[in-house]
Amino acid sequence: MIVVIDGPAGSGKSSTARAVAERLKIQFLDSGALYRVATLIYLNSQNNGDSFFDALKESDISFYFKEKKFHVLLNHSDVSDEIRAMHVANAVSTVAAMPEVRAFVNALMRQAVQSGIYIADGRDLGTAVFPDAELKFFMIADLDERARRRLSELEAKGEQTTFDEVRKNIEDRDLKDSSRASDPLKQADDAILVNTSGLTFEDQVQMISEHVQQLIAKNA
Ligand code: DC
């Protein structure tokens, strides 16, 4: 069973999905993290002068959710923190626009969710990757609010950046993610719209948890 939350960068979908997964003891899948790993491979291949698509195919990528954290391993090394750095964020929308990368990440995700109950967050999960998902949400929030949230996450990790740089990165990514030809960021017709600007974090976690609990009870 899969529940998806799509939406623009910093709308709160990832932290909400993670908290819902923790509360309901279900699995969490962070699709953006997989695009970030692909971007790390891209940046490494550029530095080394290697072919990106060969490097991508030859890479061993694995992931798991444990103790409130989504871990991603690249060739058996944990890169979960490295993929959050600004140099990765600045390149990720370009890499995620490549159809070969999307096909690669989609295959990883479809393989992962074959058994168990998952909540996943991304941009195109409800429209392209899991169009038959049992429950879909589309989460939005004001741009300034999203930039503030992302800045405090980065500051907490010790990253040197500014509000303006983070706001610009989010704005650029929104534009690239929603205007690309291949599976753009888009609300699915059957997704529930959640505007988190006026909601507390607890409100949004509670609201989504209730929907998921109802679905689990219905399918029991
Ligand atoms: O959720 P995030 O900010 O970590 O995502 C990083 C980038 O990955 C985002 O700017 C666009 C891309 N992405 C995507 O194209 N499709 C998804 N399903 C998830 C993320």
# chains A, B, ... in the order shown; residues from 1 in each chain; ligands from 1
>>> select_by_dssp(residues="range 60-113 of chain A", states="strand (DSSP E or B)", output="list in words")
Ile61, Ser62, Phe63, Tyr64, Phe65, Lys66, Lys69, Phe70, His71, Val72, Leu73, Leu74, Ser77 and Asp78 of chain A
>>> residues_near_ligand(ligand="ligand 1", cutoff="6 Å", atoms="only C-alpha atoms and all ligand atoms", output="PyMOL selection string")
chain A and resi 9+31-33+35-36+92-93+96+122-125+173+177
>>> residues_around(residues="Arg146 in chain A", least_positions_apart="4", cutoff="9 Å", atoms="only C-alpha atoms", output="list of chain:residue names")
A:Ala9, A:Gly10, A:Ser11, A:Gly12, A:Ile140, A:Ala141, A:Asp142, A:Arg150, A:Leu151, A:Arg167, A:Ile170, A:Ser197
>>> select_by_dssp(residues="chain A", states="alpha helix (DSSP H)", output="JSON, numbers by chain")
{"A": [13, 14, 15, 16, 17, 18, 19, 20, 21, 22, 23, 24, 31, 32, 33, 34, 35, 36, 37, 38, 39, 40, 41, 42, 43, 44, 45, 46, 47, 48, 52, 53, 54, 55, 56, 57, 58, 86, 87, 88, 89, 90, 91, 92, 93, 94, 95, 96, 99, 100, 101, 102, 103, 104, 105, 106, 107, 108, 109, 110, 111, 112, 143, 144, 145, 146, 147, 148, 149, 150, 151, 152, 153, 154, 155, 156, 163, 164, 165, 166, 167, 168, 169, 170, 171, 172, 173, 174, 175, 176, 177, 178, 179, 201, 202, 203, 204, 205, 206, 207, 208, 209, 210, 211, 212, 213, 214, 215, 216, 217, 218, 219]}
>>> residues_around(residues="range 126-132 of chain A", least_positions_apart="5", cutoff="9 Å", atoms="only C-alpha atoms", output="PDB file with all heavy atoms, in the first residue's frame")
ATOM      1  N   ILE A   2       0.512   2.225  -0.819  1.00  0.00           N
ATOM      2  CA  ILE A   2       1.329   3.434  -0.871  1.00  0.00           C
ATOM      3  C   ILE A   2       0.473   4.699  -0.761  1.00  0.00           C
ATOM      4  O   ILE A   2      -0.567   4.815  -1.400  1.00  0.00           O
ATOM      5  CB  ILE A   2       2.228   3.449  -2.139  1.00  0.00           C
ATOM      6  CG1 ILE A   2       3.008   4.763  -2.246  1.00  0.00           C
ATOM      7  CG2 ILE A   2       1.462   3.265  -3.422  1.00  0.00           C
ATOM      8  CD1 ILE A   2       4.467   4.627  -2.083  1.00  0.00           C
ATOM      9  N   VAL A   3       0.947   5.623   0.086  1.00  0.00           N
ATOM     10  CA  VAL A   3       0.341   6.945   0.253  1.00  0.00           C
ATOM     11  C   VAL A   3       1.398   7.934  -0.231  1.00  0.00           C
ATOM     12  O   VAL A   3       2.582   7.780   0.101  1.00  0.00           O
ATOM     13  CB  VAL A   3       0.031   7.201   1.743  1.00  0.00           C
ATOM     14  CG1 VAL A   3      -0.446   8.633   1.956  1.00  0.00           C
ATOM     15  CG2 VAL A   3      -0.985   6.194   2.265  1.00  0.00           C
ATOM     16  N   VAL A   4       1.006   8.929  -1.034  1.00  0.00           N
ATOM     17  CA  VAL A   4       2.023   9.863  -1.552  1.00  0.00           C
ATOM     18  C   VAL A   4       1.710  11.305  -1.161  1.00  0.00           C
ATOM     19  O   VAL A   4       0.543  11.696  -1.042  1.00  0.00           O
ATOM     20  CB  VAL A   4       2.162   9.761  -3.090  1.00  0.00           C
ATOM     21  CG1 VAL A   4       2.597   8.369  -3.509  1.00  0.00           C
ATOM     22  CG2 VAL A   4       0.888  10.164  -3.817  1.00  0.00           C
ATOM     23  N   ILE A   5       2.780  12.061  -0.937  1.00  0.00           N
ATOM     24  CA  ILE A   5       2.649  13.503  -0.711  1.00  0.00           C
ATOM     25  C   ILE A   5       3.573  14.188  -1.720  1.00  0.00           C
ATOM     26  O   ILE A   5       4.798  14.032  -1.663  1.00  0.00           O
ATOM     27  CB  ILE A   5       3.085  13.942   0.707  1.00  0.00           C
ATOM     28  CG1 ILE A   5       2.407  13.104   1.792  1.00  0.00           C
ATOM     29  CG2 ILE A   5       2.799  15.419   0.903  1.00  0.00           C
ATOM     30  CD1 ILE A   5       2.747  13.543   3.222  1.00  0.00           C
ATOM     31  N   ASP A   6       2.986  14.929  -2.658  1.00  0.00           N
ATOM     32  CA  ASP A   6       3.786  15.715  -3.599  1.00  0.00           C
ATOM     33  C   ASP A   6       3.679  17.185  -3.237  1.00  0.00           C
ATOM     34  O   ASP A   6       2.756  17.598  -2.514  1.00  0.00           O
ATOM     35  CB  ASP A   6       3.262  15.506  -5.037  1.00  0.00           C
ATOM     36  CG  ASP A   6       3.616  14.131  -5.582  1.00  0.00           C
ATOM     37  OD1 ASP A   6       4.802  13.753  -5.485  1.00  0.00           O
ATOM     38  OD2 ASP A   6       2.708  13.446  -6.090  1.00  0.00           O
ATOM     39  N   ASN A 106      12.678   5.934 -10.607  1.00  0.00           N
ATOM     40  CA  ASN A 106      11.335   5.335 -10.526  1.00  0.00           C
ATOM     41  C   ASN A 106      11.411   3.815 -10.345  1.00  0.00           C
ATOM     42  O   ASN A 106      10.647   3.231  -9.563  1.00  0.00           O
ATOM     43  CB  ASN A 106      10.518   5.664 -11.773  1.00  0.00           C
ATOM     44  CG  ASN A 106      10.137   7.132 -11.819  1.00  0.00           C
ATOM     45  OD1 ASN A 106      10.321   7.850 -10.836  1.00  0.00           O
ATOM     46  ND2 ASN A 106       9.611   7.594 -12.945  1.00  0.00           N
ATOM     47  N   MET A 109      12.253   3.000  -6.785  1.00  0.00           N
ATOM     48  CA  MET A 109      11.114   3.209  -5.872  1.00  0.00           C
ATOM     49  C   MET A 109      10.047   2.129  -6.031  1.00  0.00           C
ATOM     50  O   MET A 109       9.537   1.607  -5.038  1.00  0.00           O
ATOM     51  CB  MET A 109      10.493   4.592  -6.111  1.00  0.00           C
ATOM     52  CG  MET A 109      11.375   5.712  -5.644  1.00  0.00           C
ATOM     53  SD  MET A 109      10.494   7.265  -5.567  1.00  0.00           S
ATOM     54  CE  MET A 109      10.427   7.710  -7.275  1.00  0.00           C
ATOM     55  N   ARG A 110       9.720   1.795  -7.272  1.00  0.00           N
ATOM     56  CA  ARG A 110       8.649   0.793  -7.494  1.00  0.00           C
ATOM     57  C   ARG A 110       9.074  -0.562  -6.935  1.00  0.00           C
ATOM     58  O   ARG A 110       8.252  -1.306  -6.399  1.00  0.00           O
ATOM     59  CB  ARG A 110       8.322   0.706  -8.986  1.00  0.00           C
ATOM     60  CG  ARG A 110       7.632   1.969  -9.483  1.00  0.00           C
ATOM     61  CD  ARG A 110       7.190   1.836 -10.940  1.00  0.00           C
ATOM     62  NE  ARG A 110       6.568   3.058 -11.424  1.00  0.00           N
ATOM     63  CZ  ARG A 110       6.972   3.726 -12.508  1.00  0.00           C
ATOM     64  NH1 ARG A 110       7.988   3.295 -13.226  1.00  0.00           N
ATOM     65  NH2 ARG A 110       6.349   4.830 -12.870  1.00  0.00           N
ATOM     66  N   PHE A 137      -1.755  13.323  -1.473  1.00  0.00           N
ATOM     67  CA  PHE A 137      -1.828  14.696  -0.957  1.00  0.00           C
ATOM     68  C   PHE A 137      -0.944  15.568  -1.817  1.00  0.00           C
ATOM     69  O   PHE A 137       0.079  15.104  -2.357  1.00  0.00           O
ATOM     70  CB  PHE A 137      -1.328  14.767   0.495  1.00  0.00           C
ATOM     71  CG  PHE A 137      -2.153  13.961   1.440  1.00  0.00           C
ATOM     72  CD1 PHE A 137      -1.824  12.646   1.738  1.00  0.00           C
ATOM     73  CD2 PHE A 137      -3.290  14.510   2.034  1.00  0.00           C
ATOM     74  CE1 PHE A 137      -2.589  11.882   2.601  1.00  0.00           C
ATOM     75  CE2 PHE A 137      -4.068  13.761   2.906  1.00  0.00           C
ATOM     76  CZ  PHE A 137      -3.715  12.447   3.190  1.00  0.00           C
ATOM     77  N   PHE A 138      -1.319  16.860  -1.914  1.00  0.00           N
ATOM     78  CA  PHE A 138      -0.458  17.843  -2.574  1.00  0.00           C
ATOM     79  C   PHE A 138      -0.288  18.980  -1.584  1.00  0.00           C
ATOM     80  O   PHE A 138      -1.264  19.620  -1.183  1.00  0.00           O
ATOM     81  CB  PHE A 138      -1.092  18.337  -3.878  1.00  0.00           C
ATOM     82  CG  PHE A 138      -0.111  19.072  -4.747  1.00  0.00           C
ATOM     83  CD1 PHE A 138       0.804  18.374  -5.530  1.00  0.00           C
ATOM     84  CD2 PHE A 138      -0.099  20.466  -4.783  1.00  0.00           C
ATOM     85  CE1 PHE A 138       1.724  19.046  -6.331  1.00  0.00           C
ATOM     86  CE2 PHE A 138       0.815  21.141  -5.585  1.00  0.00           C
ATOM     87  CZ  PHE A 138       1.726  20.441  -6.360  1.00  0.00           C
ATOM     88  N   ASP A 183       7.664  14.425 -16.601  1.00  0.00           N
ATOM     89  CA  ASP A 183       6.976  14.291 -15.312  1.00  0.00           C
ATOM     90  C   ASP A 183       7.160  15.492 -14.378  1.00  0.00           C
ATOM     91  O   ASP A 183       7.772  15.389 -13.312  1.00  0.00           O
ATOM     92  CB  ASP A 183       7.446  13.009 -14.595  1.00  0.00           C
ATOM     93  CG  ASP A 183       7.193  11.776 -15.433  1.00  0.00           C
ATOM     94  OD1 ASP A 183       6.260  11.820 -16.260  1.00  0.00           O
ATOM     95  OD2 ASP A 183       7.926  10.788 -15.271  1.00  0.00           O
ATOM     96  N   PRO A 184       6.622  16.646 -14.762  1.00  0.00           N
ATOM     97  CA  PRO A 184       6.803  17.849 -13.924  1.00  0.00           C
ATOM     98  C   PRO A 184       6.033  17.777 -12.600  1.00  0.00           C
ATOM     99  O   PRO A 184       5.140  16.947 -12.439  1.00  0.00           O
ATOM    100  CB  PRO A 184       6.229  18.958 -14.809  1.00  0.00           C
ATOM    101  CG  PRO A 184       5.247  18.275 -15.684  1.00  0.00           C
ATOM    102  CD  PRO A 184       5.772  16.900 -15.928  1.00  0.00           C
ATOM    103  N   LEU A 185       6.433  18.681 -11.685  1.00  0.00           N
ATOM    104  CA  LEU A 185       5.700  18.848 -10.428  1.00  0.00           C
ATOM    105  C   LEU A 185       4.280  19.293 -10.770  1.00  0.00           C
ATOM    106  O   LEU A 185       4.090  20.314 -11.431  1.00  0.00           O
ATOM    107  CB  LEU A 185       6.393  19.940  -9.606  1.00  0.00           C
ATOM    108  CG  LEU A 185       5.613  20.539  -8.442  1.00  0.00           C
ATOM    109  CD1 LEU A 185       5.400  19.520  -7.342  1.00  0.00           C
ATOM    110  CD2 LEU A 185       6.337  21.748  -7.879  1.00  0.00           C
ATOM    111  N   LYS A 186       3.287  18.528 -10.316  1.00  0.00           N
ATOM    112  CA  LYS A 186       1.902  18.821 -10.693  1.00  0.00           C
ATOM    113  C   LYS A 186       0.971  18.142  -9.698  1.00  0.00           C
ATOM    114  O   LYS A 186       1.246  17.021  -9.273  1.00  0.00           O
ATOM    115  CB  LYS A 186       1.670  18.251 -12.103  1.00  0.00           C
ATOM    116  CG  LYS A 186       0.376  18.626 -12.761  1.00  0.00           C
ATOM    117  CD  LYS A 186       0.453  18.180 -14.236  1.00  0.00           C
ATOM    118  CE  LYS A 186      -0.874  18.256 -14.923  1.00  0.00           C
ATOM    119  NZ  LYS A 186      -1.814  17.219 -14.562  1.00  0.00           N
ATOM    120  N   GLN A 187      -0.114  18.816  -9.365  1.00  0.00           N
ATOM    121  CA  GLN A 187      -1.084  18.189  -8.462  1.00  0.00           C
ATOM    122  C   GLN A 187      -1.906  17.150  -9.226  1.00  0.00           C
ATOM    123  O   GLN A 187      -2.460  17.444 -10.287  1.00  0.00           O
ATOM    124  CB  GLN A 187      -2.004  19.265  -7.863  1.00  0.00           C
ATOM    125  CG  GLN A 187      -3.006  18.673  -6.886  1.00  0.00           C
ATOM    126  CD  GLN A 187      -3.896  19.710  -6.234  1.00  0.00           C
ATOM    127  OE1 GLN A 187      -3.677  20.917  -6.366  1.00  0.00           O
ATOM    128  NE2 GLN A 187      -4.904  19.249  -5.530  1.00  0.00           N
ATOM    129  N   ALA A 188      -2.004  15.930  -8.687  1.00  0.00           N
ATOM    130  CA  ALA A 188      -2.862  14.911  -9.315  1.00  0.00           C
ATOM    131  C   ALA A 188      -4.319  15.331  -9.120  1.00  0.00           C
ATOM    132  O   ALA A 188      -4.662  15.939  -8.098  1.00  0.00           O
ATOM    133  CB  ALA A 188      -2.609  13.550  -8.659  1.00  0.00           C
ATOM    134  N   ASP A 189      -5.183  15.002 -10.071  1.00  0.00           N
ATOM    135  CA  ASP A 189      -6.599  15.399  -9.986  1.00  0.00           C
ATOM    136  C   ASP A 189      -7.251  14.863  -8.711  1.00  0.00           C
ATOM    137  O   ASP A 189      -8.136  15.496  -8.147  1.00  0.00           O
ATOM    138  CB  ASP A 189      -7.383  14.859 -11.193  1.00  0.00           C
ATOM    139  CG  ASP A 189      -6.927  15.530 -12.473  1.00  0.00           C
ATOM    140  OD1 ASP A 189      -6.362  16.640 -12.386  1.00  0.00           O
ATOM    141  OD2 ASP A 189      -7.119  14.921 -13.556  1.00  0.00           O
ATOM    142  N   ASP A 190      -6.808  13.684  -8.277  1.00  0.00           N
ATOM    143  CA  ASP A 190      -7.432  13.067  -7.105  1.00  0.00           C
ATOM    144  C   ASP A 190      -6.628  13.283  -5.816  1.00  0.00           C
ATOM    145  O   ASP A 190      -6.839  12.572  -4.828  1.00  0.00           O
ATOM    146  CB  ASP A 190      -7.666  11.561  -7.350  1.00  0.00           C
ATOM    147  CG  ASP A 190      -6.416  10.831  -7.825  1.00  0.00           C
ATOM    148  OD1 ASP A 190      -5.416  11.506  -8.149  1.00  0.00           O
ATOM    149  OD2 ASP A 190      -6.431   9.590  -7.872  1.00  0.00           O
ATOM    150  N   ALA A 191      -5.720  14.275  -5.805  1.00  0.00           N
ATOM    151  CA  ALA A 191      -4.940  14.543  -4.581  1.00  0.00           C
ATOM    152  C   ALA A 191      -5.682  15.540  -3.690  1.00  0.00           C
ATOM    153  O   ALA A 191      -6.360  16.445  -4.177  1.00  0.00           O
ATOM    154  CB  ALA A 191      -3.570  15.107  -4.950  1.00  0.00           C
TER     155      ALA A 191
END
>>> atom_distance(atom1="CA of Gln213 in chain A", atom2="CA of Lys136 in chain A")
13.7 Å
>>> closest_residue(among="A:Glu171, A:Asp81, A:Asp30, A:Asp203", to="Phe63 in chain A", atoms="only C-alpha atoms")
A:Asp30
>>> atom_distance(atom1="CA of Ser179 in chain A", atom2="CA of Leu29 in chain A")
24.1 Å
>>> closest_residue(among="A:Arg18, A:Lys13, A:Lys25, A:Arg148", to="Ile216 in chain A", atoms="only C-alpha atoms")
A:Lys25
>>> closest_residue(among="A:Ala17, A:Ser45, A:Ala156, A:Gly7", to="Glu202 in chain A", atoms="only C-alpha atoms")
A:Ala17
>>> residues_around(residues="Met207 in chain A", least_positions_apart="6", cutoff="12 Å", atoms="only C-alpha atoms", output="PDB file with C-alpha atoms, in the first residue's frame")
ATOM      1  CA  THR A  16       5.345  15.470   7.618  1.00  0.00           C
ATOM      2  CA  ALA A  17       5.616  12.110   5.829  1.00  0.00           C
ATOM      3  CA  ALA A  19       6.459  12.021  11.257  1.00  0.00           C
ATOM      4  CA  VAL A  20       3.373  10.171   9.984  1.00  0.00           C
ATOM      5  CA  PHE A 137      -1.828  14.696  -0.957  1.00  0.00           C
ATOM      6  CA  ILE A 192      -6.089  16.302  -1.404  1.00  0.00           C
ATOM      7  CA  LEU A 193      -4.681  19.860  -1.338  1.00  0.00           C
ATOM      8  CA  VAL A 194      -3.012  20.804   1.981  1.00  0.00           C
ATOM      9  CA  ASN A 195      -1.833  24.419   2.443  1.00  0.00           C
ATOM     10  CA  THR A 196       0.574  24.316   5.397  1.00  0.00           C
ATOM     11  CA  LEU A 199      -1.108  25.071   9.958  1.00  0.00           C
ATOM     12  CA  THR A 200       1.104  23.957  12.807  1.00  0.00           C
ATOM     13  CA  PHE A 201       3.327  20.961  12.135  1.00  0.00           C
ATOM     14  CA  GLN A 213      -5.357   5.298   9.562  1.00  0.00           C
ATOM     15  CA  GLN A 214      -8.789   5.245   7.914  1.00  0.00           C
TER      16      GLN A 214
END
>>> atom_distance(atom1="CA of Lys66 in chain A", atom2="CA of Ala97 in chain A")
29.2 Å
>>> closest_residue(among="A:Glu82, A:Ile26, A:Pro8, A:Ile61", to="Leu40 in chain A", atoms="only C-alpha atoms")
A:Glu82
>>> closest_residue(among="A:Ile117, A:Val72, A:Ile208, A:Ala181", to="Met98 in chain A", atoms="only C-alpha atoms")
A:Ala181
>>> closest_residue(among="A:Leu108, A:Asn48, A:Ser182, A:Arg84", to="Asp60 in chain A", atoms="only C-alpha atoms")
A:Leu108
>>> decode(residues="range 93-178 of chain A", atoms="C-alpha atoms", output="PDB file, in the first residue's frame")
ATOM      1  CA  SER A  93      16.743  20.038 -10.625  1.00  0.00           C
ATOM      2  CA  THR A  94      18.957  19.843 -13.719  1.00  0.00           C
ATOM      3  CA  VAL A  95      19.818  16.200 -13.017  1.00  0.00           C
ATOM      4  CA  ALA A  96      16.211  15.323 -12.083  1.00  0.00           C
ATOM      5  CA  ALA A  97      15.007  16.685 -15.442  1.00  0.00           C
ATOM      6  CA  MET A  98      16.917  13.945 -17.332  1.00  0.00           C
ATOM      7  CA  PRO A  99      14.464  11.206 -18.454  1.00  0.00           C
ATOM      8  CA  GLU A 100      17.155   8.499 -17.934  1.00  0.00           C
ATOM      9  CA  VAL A 101      17.581   9.595 -14.309  1.00  0.00           C
ATOM     10  CA  ARG A 102      13.810   9.618 -13.727  1.00  0.00           C
ATOM     11  CA  ALA A 103      13.452   6.102 -15.157  1.00  0.00           C
ATOM     12  CA  PHE A 104      16.319   4.912 -12.930  1.00  0.00           C
ATOM     13  CA  VAL A 105      14.900   6.460  -9.723  1.00  0.00           C
ATOM     14  CA  ASN A 106      11.335   5.335 -10.526  1.00  0.00           C
ATOM     15  CA  ALA A 107      12.511   1.732 -10.929  1.00  0.00           C
ATOM     16  CA  LEU A 108      14.284   1.890  -7.540  1.00  0.00           C
ATOM     17  CA  MET A 109      11.114   3.209  -5.872  1.00  0.00           C
ATOM     18  CA  ARG A 110       8.649   0.793  -7.494  1.00  0.00           C
ATOM     19  CA  GLN A 111      10.893  -2.091  -6.507  1.00  0.00           C
ATOM     20  CA  ALA A 112      11.111  -0.860  -2.885  1.00  0.00           C
ATOM     21  CA  VAL A 113       7.376  -0.534  -2.191  1.00  0.00           C
ATOM     22  CA  GLN A 114       6.329  -4.000  -3.325  1.00  0.00           C
ATOM     23  CA  SER A 115       5.535  -5.121   0.198  1.00  0.00           C
ATOM     24  CA  GLY A 116       4.503  -3.248   3.339  1.00  0.00           C
ATOM     25  CA  ILE A 117       2.806   0.121   3.880  1.00  0.00           C
ATOM     26  CA  TYR A 118       4.682   3.171   2.610  1.00  0.00           C
ATOM     27  CA  ILE A 119       4.283   6.922   2.743  1.00  0.00           C
ATOM     28  CA  ALA A 120       6.457   8.624   0.117  1.00  0.00           C
ATOM     29  CA  ASP A 121       7.092  12.245  -0.774  1.00  0.00           C
ATOM     30  CA  GLY A 122       8.128  13.837  -4.058  1.00  0.00           C
ATOM     31  CA  ARG A 123       6.997  15.884  -7.036  1.00  0.00           C
ATOM     32  CA  ASP A 124       5.395  13.435  -9.479  1.00  0.00           C
ATOM     33  CA  LEU A 125       4.503  10.438  -7.327  1.00  0.00           C
ATOM     34  CA  GLY A 126       0.725  10.841  -7.582  1.00  0.00           C
ATOM     35  CA  THR A 127       0.803  11.662 -11.302  1.00  0.00           C
ATOM     36  CA  ALA A 128       3.592   9.553 -12.814  1.00  0.00           C
ATOM     37  CA  VAL A 129       5.249   7.078 -10.447  1.00  0.00           C
ATOM     38  CA  PHE A 130       2.291   5.747  -8.443  1.00  0.00           C
ATOM     39  CA  PRO A 131      -0.824   6.972 -10.296  1.00  0.00           C
ATOM     40  CA  ASP A 132      -2.847   4.239  -8.535  1.00  0.00           C
ATOM     41  CA  ALA A 133      -1.732   5.255  -5.020  1.00  0.00           C
ATOM     42  CA  GLU A 134      -4.562   4.691  -2.515  1.00  0.00           C
ATOM     43  CA  LEU A 135      -4.215   8.159  -1.007  1.00  0.00           C
ATOM     44  CA  LYS A 136      -2.610  11.295  -2.452  1.00  0.00           C
ATOM     45  CA  PHE A 137      -1.828  14.696  -0.957  1.00  0.00           C
ATOM     46  CA  PHE A 138      -0.458  17.843  -2.574  1.00  0.00           C
ATOM     47  CA  MET A 139       1.227  20.098  -0.037  1.00  0.00           C
ATOM     48  CA  ILE A 140       1.888  23.804  -0.600  1.00  0.00           C
ATOM     49  CA  ALA A 141       3.051  26.812   1.483  1.00  0.00           C
ATOM     50  CA  ASP A 142       4.113  30.445   0.856  1.00  0.00           C
ATOM     51  CA  LEU A 143       7.588  30.845  -0.691  1.00  0.00           C
ATOM     52  CA  ASP A 144       8.965  32.937   2.214  1.00  0.00           C
ATOM     53  CA  GLU A 145       7.642  30.458   4.741  1.00  0.00           C
ATOM     54  CA  ARG A 146       9.266  27.582   2.838  1.00  0.00           C
ATOM     55  CA  ALA A 147      12.594  29.442   2.627  1.00  0.00           C
ATOM     56  CA  ARG A 148      12.519  30.132   6.384  1.00  0.00           C
ATOM     57  CA  ARG A 149      11.909  26.458   7.165  1.00  0.00           C
ATOM     58  CA  ARG A 150      14.657  25.234   4.818  1.00  0.00           C
ATOM     59  CA  LEU A 151      17.119  27.832   6.164  1.00  0.00           C
ATOM     60  CA  SER A 152      16.617  26.707   9.751  1.00  0.00           C
ATOM     61  CA  GLU A 153      17.109  23.043   8.713  1.00  0.00           C
ATOM     62  CA  LEU A 154      20.380  23.945   6.951  1.00  0.00           C
ATOM     63  CA  GLU A 155      21.567  26.146   9.827  1.00  0.00           C
ATOM     64  CA  ALA A 156      20.883  23.325  12.274  1.00  0.00           C
ATOM     65  CA  LYS A 157      23.266  21.202  10.188  1.00  0.00           C
ATOM     66  CA  GLY A 158      25.954  23.905  10.275  1.00  0.00           C
ATOM     67  CA  GLU A 159      25.617  24.858   6.584  1.00  0.00           C
ATOM     68  CA  GLN A 160      26.780  28.437   5.812  1.00  0.00           C
ATOM     69  CA  THR A 161      24.025  30.059   3.762  1.00  0.00           C
ATOM     70  CA  THR A 162      21.597  32.996   3.766  1.00  0.00           C
ATOM     71  CA  PHE A 163      17.816  33.454   3.569  1.00  0.00           C
ATOM     72  CA  ASP A 164      18.174  35.032   0.096  1.00  0.00           C
ATOM     73  CA  GLU A 165      20.300  32.171  -1.249  1.00  0.00           C
ATOM     74  CA  VAL A 166      17.871  29.528   0.067  1.00  0.00           C
ATOM     75  CA  ARG A 167      14.826  31.473  -1.215  1.00  0.00           C
ATOM     76  CA  LYS A 168      16.406  31.823  -4.669  1.00  0.00           C
ATOM     77  CA  ASN A 169      17.327  28.111  -4.756  1.00  0.00           C
ATOM     78  CA  ILE A 170      13.728  27.131  -3.887  1.00  0.00           C
ATOM     79  CA  GLU A 171      12.260  29.565  -6.417  1.00  0.00           C
ATOM     80  CA  ASP A 172      14.578  28.310  -9.200  1.00  0.00           C
ATOM     81  CA  ARG A 173      13.874  24.668  -8.365  1.00  0.00           C
ATOM     82  CA  ASP A 174      10.094  25.242  -8.316  1.00  0.00           C
ATOM     83  CA  LEU A 175      10.318  26.765 -11.781  1.00  0.00           C
ATOM     84  CA  LYS A 176      12.544  24.004 -13.187  1.00  0.00           C
ATOM     85  CA  ASP A 177      10.612  21.189 -11.449  1.00  0.00           C
ATOM     86  CA  SER A 178       7.214  22.414 -12.679  1.00  0.00           C
TER      87      SER A 178
END
